[in-house]
Amino acid sequence: MGQTLVQKILAKATGQKEVQIGDILEPRVDLAMSHENAALVINQFQEIFKGTGLEPKVWDPNKIAIIFDHRVPAESSKTATNQKKVREFVAQQGINKFHDIRSDEMGICHQILPENGYVRPGYLVVGTDSHTTSHGALGAFSFGIGATEMASVWTLGRILNVQVPETIKIVVNGKFKEFVEPKDLILYIVGLLGAEGANFKVIEFHGEAIKNMNTSGRLTICNMTVEAGATSGIVPPDDETVRYLREVAGVKDEIEMISPDLDATYEREVVIDVSNLEPQIACPHTVDNVKPISEVAGVKVNQIVLGSCTNGRLEDLETAAKILKGKKIARGVRMLVFPASGRILKEAIRRGYVLDLMEAGAVVVNPGCGPCLGVHQGALGDGEVALSTTNRNFKGRMGNPNSEVYLCSPSVAAASAITGVITDPRNGG
Amino acid sequence: MGKVIYVLGDDISTDIIYPGRYMATVLPTETPQYVFGDIKELHEMLVNHKFEPGDFIVAGKNFGCGSSREQAVSTLRGYDIKIVAKNFARIFLQNSINLGLPTYICPDIEAEVGDELEIVGDKIINKTKNKEFALIPHHKSRQAIIDAGGLIPYTRKLLLENQAIEGN
């Protein structure tokens with residue numbers, strides 16, 4: 001019987017020829033990623049070894065990645081102490097895929113993994129972050145888990161309790177119009193499926209628009225599949241995947257390809273044509289509260305955020321810089337830019353994007369998760385409204401339950417920065 | 001048997017259960033103080049222990065959606081309460097199994113604050129409303145983790161078994 005891409009990856013990870021939907025498996029893990037919450041993982045990991053008489057030792061230090069991104073540089077002594085504890089553990093266990101707070105290696109975990117070639121097609125990747133779904137962009141089965149579950153993976157090298165998920169096939173046809181982007185597509189999909197529409201399922205992306213999309217765009221769409229409840233998003237690897245891994249990630253060794261069977265069984269198939277898609281906005285306070293921009297244009301905003309694991313890549317900064325070059329951000333609006341990695345920030349400086357953004361009035365901050373989850377910089381005041389290229393707008397998400405967050409693409413963010421109200425970039429900023 | 005102390009709607013995110021601004025606090029012994037930090041009434045009810053052990057919080061669909069933060073489970077685990085929802089988000093559900101938070105999947109649950117609920121086998125009886133609602137049982141492998149007392153003792157057991165095999 002035909003197998004979906006995720007069935008094939010799970011079969012490989014369990015040494016079987018094929019697996020059936022609903023099977024409960026304990027697949028081996030190719031890469032296990034954590035960020036600052038590694039501090040909690042370490043705590044739980046040490047608990048597992050208590051009373052066993054065994055020295056706590058991770059199963060394979062080369063398959064663990066730890067990236068500081070949620071609170072960099074540390075905003076409090078508590079965070080600094082957590083980070084210190086993680087550094088000591090990393091040194092003691094010999095974990096080398098460790099990215100500390102320094103511009104030559106730092107960034108958001110969901111950018112660091114792809115740009116360093118840590119993720120390959122066919123890998124099984126787990127991360128203590130719900131947006132680990134991002135790495136499906138490279139043809140991996142990649143999903144978020146909790147800290148205790150990660151402690152178990154560090155111990156055993158396997159993940160317990162994986163039920164082979166059903167897959168929703170989404171075929172995306174057509175060509176994007178100018179100022180319409182992968183972010184608009186995934187917002188549209190989340191609105192279409194609903195916040196729990198893909199719960200416990202995988203979304204496999206196909207079609208002309210996906211084929212023509214670069215890896216940055218694929219990372220954006222896979223990133224937000226979790227907002228429809230999906231376990232993961234996944235794009236069958238192709239020439240673009242190989243190009244990215246070779247040219248951007250600098251991978252030299254062999255890249256194994258994997259693809260779903262043509263007669264694979266899908267839970268359902270959804271066909272979307274992006275040719276007439278207009279910019280989409282997720283309105284407060286749920287990500288599936290998605291409306292076309294024509295219904296939301298004119299809403300006044302106080303803070304604009306460009307960045308995050310969803311839209312902090314070079315293409316996103318380029319898009320915004322082109323719109324803002326020679327223009328001024330409206331008075332009363334503050335625009336914060338959080339590049340997804342040090343490498344991206346350096347390249348954006350070389351190409352002049354940073355200068356264009358700064359001269360328009362934007363504040364460019366160091367790479368990291370920034371205000372996305374309200375734990376670090378850029379909190380909102382009472383009654384304030386943010387327009388953000390991040391991935392969540394839950395009540396209180398940006399640090400204040402008495403504020404509102406709208407989600408959008410980089411083009412919409414930049415065009416709206418000029419006017420101070422939600423603005424359709426096709427109408428000029 | 002217990003009383004329903006609070007009823008929540010659909011899509012209650014982990015940001016609601018455990019706001020992001022408290023995420024630097026990670027230890028399960030310390031997280032309970034921030035439970036439902038932005039829902040004042042529920043927060044105060046829990047931290048001031050204005051409920052009886054074994055009481056219930058009832059929620060709609062997709063409880064625990066959003067972030068994978070385990071604090072959203074450990075914060076609730078600090079109180080002797082049961083969570084009944086129409087369904088749960090995947091990561092939250094697995095985290096609750098791993099940490100031993102009692103969660104019950106009850107797609108048709110009808111309950112209001114003050115109702116008395118009792119769990120009998122594979123159903124919930126709302127004694128106040130005199131109605132029964134079917135529970136969806138956790139699958140076998142999840143139940144095995146619950147029965148072992150959580151994922152830490154369960155993994156410890158597997159670790160020792162692996163050692164024994166390697167030792168032979």
# chains A, B, ... in the order shown; residues from 1 in each chain; ligands from 1
call {"tool": "residues_around", "arguments": {"residues": "Lys157 (chain B)", "least_positions_apart": "4", "cutoff": "12 Å", "atoms": "only C-alpha atoms", "output": "list in words"}}
result
Ile48, Phe49, Lys50, Gly51, Thr52, Ser152, Thr155 and Leu156 of chain A; Ala144, Ile145, Ala148, Gly149, Gly150, Leu151, Ile152, Pro153, Glu161, Asn162, Gln163 and Ala164 of chain B
call {"tool": "interface_residues", "arguments": {"of": "chain B", "to": "chain A", "cutoff": "6 Å", "atoms": "only C-alpha atoms", "output": "list in words"}}
result
Gly20, Arg21, Ala24, Val26, Ser67, Ser68, Glu70, Ile91, Asn95, Ile152, Thr155 and Arg156 of chain B
call {"tool": "select_by_dssp", "arguments": {"residues": "chain B", "states": "strand (DSSP E or B)", "output": "PyMOL selection string"}}
result
chain B and resi 2-7+13+55-59+63+65+81-85+88+103-105+116-120+123-126+131-134+136
call {"tool": "closest_atom_pairs", "arguments": {"of": "region 123-175 of chain A", "to": "region 9-13 of chain A", "cutoff": "8 Å", "atoms": "only C-alpha atoms", "output": "Markdown table"}}
result
| residue | atom | partner | partner_atom | distance |
| --- | --- | --- | --- | --- |
| A:Tyr123 | CA | A:Ile9 | CA | 7.0 |
| A:Leu124 | CA | A:Ile9 | CA | 7.0 |
| A:Ala140 | CA | A:Ile9 | CA | 7.7 |
| A:Phe141 | CA | A:Ile9 | CA | 6.9 |
| A:Val164 | CA | A:Leu10 | CA | 7.6 |
call {"tool": "write_last_selection", "arguments": {"atoms": "C-alpha atoms", "output": "short mmCIF file (atom, residue, chain, number, x, y, z; two decimals), in the first residue's frame"}}
result
data_model
loop_
_atom_site.label_atom_id
_atom_site.label_comp_id
_atom_site.auth_asym_id
_atom_site.auth_seq_id
_atom_site.Cartn_x
_atom_site.Cartn_y
_atom_site.Cartn_z
CA TYR A 123 15.22 12.86 9.32
CA LEU A 124 13.09 12.46 12.40
CA ALA A 140 11.99 15.92 7.66
CA PHE A 141 9.28 14.68 10.02
CA VAL A 164 1.53 7.14 12.91
#
call {"tool": "closest_residue", "arguments": {"among": "A:Gly378, A:Pro292, A:Pro237, A:Pro410", "to": "Asp316 (chain A)", "atoms": "only C-alpha atoms"}}
result
A:Pro410
call {"tool": "atom_distance", "arguments": {"atom1": "CA of Gly114 (chain B)", "atom2": "CA of Lys3 (chain B)"}}
result
5.6 Å
call {"tool": "atom_distance", "arguments": {"atom1": "CA of Ser141 (chain B)", "atom2": "CA of Gln20 (chain A)"}}
result
16.4 Å
call {"tool": "residues_around", "arguments": {"residues": "Arg77 (chain B)", "least_positions_apart": "3", "cutoff": "10 Å", "atoms": "only C-alpha atoms", "output": "MDAnalysis selection string"}}
result
chainID B and resid 28:29 31:32 35 71:74 80:82 96 99:102
call {"tool": "write_last_selection", "arguments": {"atoms": "C-alpha atoms", "output": "compact mmCIF listing (two decimals), in the first residue's frame"}}
result
# COMPACT_ATOMS: atom_id res chain seq x y z
CA PRO B 28 7.58 21.97 38.66
CA THR B 29 7.82 22.94 42.32
CA THR B 31 5.36 26.90 38.45
CA PRO B 32 1.99 26.47 40.27
CA VAL B 35 -1.41 29.24 37.04
CA GLN B 71 4.99 24.62 32.60
CA ALA B 72 1.36 24.68 31.39
CA VAL B 73 1.02 21.13 32.72
CA SER B 74 3.28 21.34 35.77
CA ASP B 80 -5.25 18.35 43.02
CA ILE B 81 -7.66 19.04 40.16
CA LYS B 82 -8.90 17.08 37.17
CA SER B 96 -0.06 15.72 30.87
CA LEU B 99 3.73 14.41 34.23
CA GLY B 100 0.68 12.62 35.60
CA LEU B 101 -1.89 15.41 35.31
CA PRO B 102 -5.33 13.75 35.22
call {"tool": "residues_around", "arguments": {"residues": "region 120-124 of chain B", "least_positions_apart": "3", "cutoff": "10 Å", "atoms": "only C-alpha atoms", "output": "ChimeraX atom specification"}}
result
/B:1,84,104-106,109,117,127,131-137
call {"tool": "atom_distance", "arguments": {"atom1": "CA of Ser308 (chain A)", "atom2": "CA of Val270 (chain A)"}}
result
27.9 Å
call {"tool": "residues_around", "arguments": {"residues": "Asp115 (chain B)", "least_positions_apart": "6", "cutoff": "9 Å", "atoms": "only C-alpha atoms", "output": "list in words"}}
result
Gly2, Lys3, Val4, Ile5, Asn126, Lys127, Thr128 and Lys129 of chain B
call {"tool": "closest_residue", "arguments": {"among": "B:Ile97, B:Leu159, B:Ile119, B:Ile83", "to": "Asp147 (chain B)", "atoms": "only C-alpha atoms"}}
result
B:Ile97
call {"tool": "residues_around", "arguments": {"residues": "region 217-224 of chain A", "least_positions_apart": "5", "cutoff": "10 Å", "atoms": "only C-alpha atoms", "output": "VMD selection string"}}
result
chain A and resid 110 to 111 114 130 to 138 142 181 to 187 189 to 190 203 to 205 210 to 212 229 to 230 232 to 235 241 287 308 to 313 315 to 316 390 to 392
call {"tool": "closest_residue", "arguments": {"among": "A:Gly326, A:Gly207, A:Gly117, A:Gly342", "to": "Glu269 (chain A)", "atoms": "only C-alpha atoms"}}
result
A:Gly207
call {"tool": "closest_residue", "arguments": {"among": "A:Ile64, A:Val354, A:Val405, A:Ile159", "to": "Lys322 (chain A)", "atoms": "only C-alpha atoms"}}
result
A:Val354
call {"tool": "residues_around", "arguments": {"residues": "Phe36 (chain B)", "least_positions_apart": "2", "cutoff": "12 Å", "atoms": "only C-alpha atoms", "output": "short mmCIF file (atom, residue, chain, number, x, y, z; two decimals) with C-alpha atoms, in the first residue's frame"}}
result
data_model
loop_
_atom_site.label_atom_id
_atom_site.label_comp_id
_atom_site.auth_asym_id
_atom_site.auth_seq_id
_atom_site.Cartn_x
_atom_site.Cartn_y
_atom_site.Cartn_z
CA LYS A 395 -4.52 37.00 24.43
CA GLY A 396 -1.51 38.19 26.41
CA PRO A 401 -3.57 40.62 28.23
CA TYR B 6 -14.67 26.67 36.48
CA LEU B 8 -13.59 27.42 30.01
CA ILE B 12 -7.53 27.69 25.67
CA SER B 13 -3.86 28.23 24.81
CA THR B 14 -0.83 27.49 26.94
CA ASP B 15 -0.31 31.29 27.02
CA ILE B 16 -3.58 31.48 28.98
CA ILE B 17 -2.71 28.55 31.25
CA TYR B 18 0.85 29.75 31.89
CA PRO B 19 1.67 33.22 30.49
CA GLY B 20 4.95 33.49 28.60
CA TYR B 22 6.73 33.53 33.64
CA THR B 31 5.36 26.90 38.45
CA PRO B 32 1.99 26.47 40.27
CA GLN B 33 2.07 30.07 41.63
CA TYR B 34 1.50 31.48 38.08
CA ASP B 38 -4.36 36.35 33.29
CA ILE B 39 -7.70 34.90 34.46
CA LYS B 40 -7.83 36.56 37.86
CA GLU B 41 -10.83 34.72 39.30
CA LEU B 42 -9.56 31.24 38.41
CA HIS B 43 -5.99 32.11 39.41
CA GLU B 44 -7.09 33.25 42.87
CA MET B 45 -9.38 30.26 43.35
CA LEU B 46 -6.48 27.90 42.72
CA VAL B 47 -3.62 29.62 44.54
CA ILE B 57 -12.07 22.31 35.51
CA GLY B 64 -3.70 23.46 25.70
CA GLN B 71 4.99 24.62 32.60
CA ALA B 72 1.36 24.68 31.39
CA VAL B 73 1.02 21.13 32.72
CA THR B 75 1.45 24.50 36.95
CA LEU B 76 -1.87 22.57 36.97
#
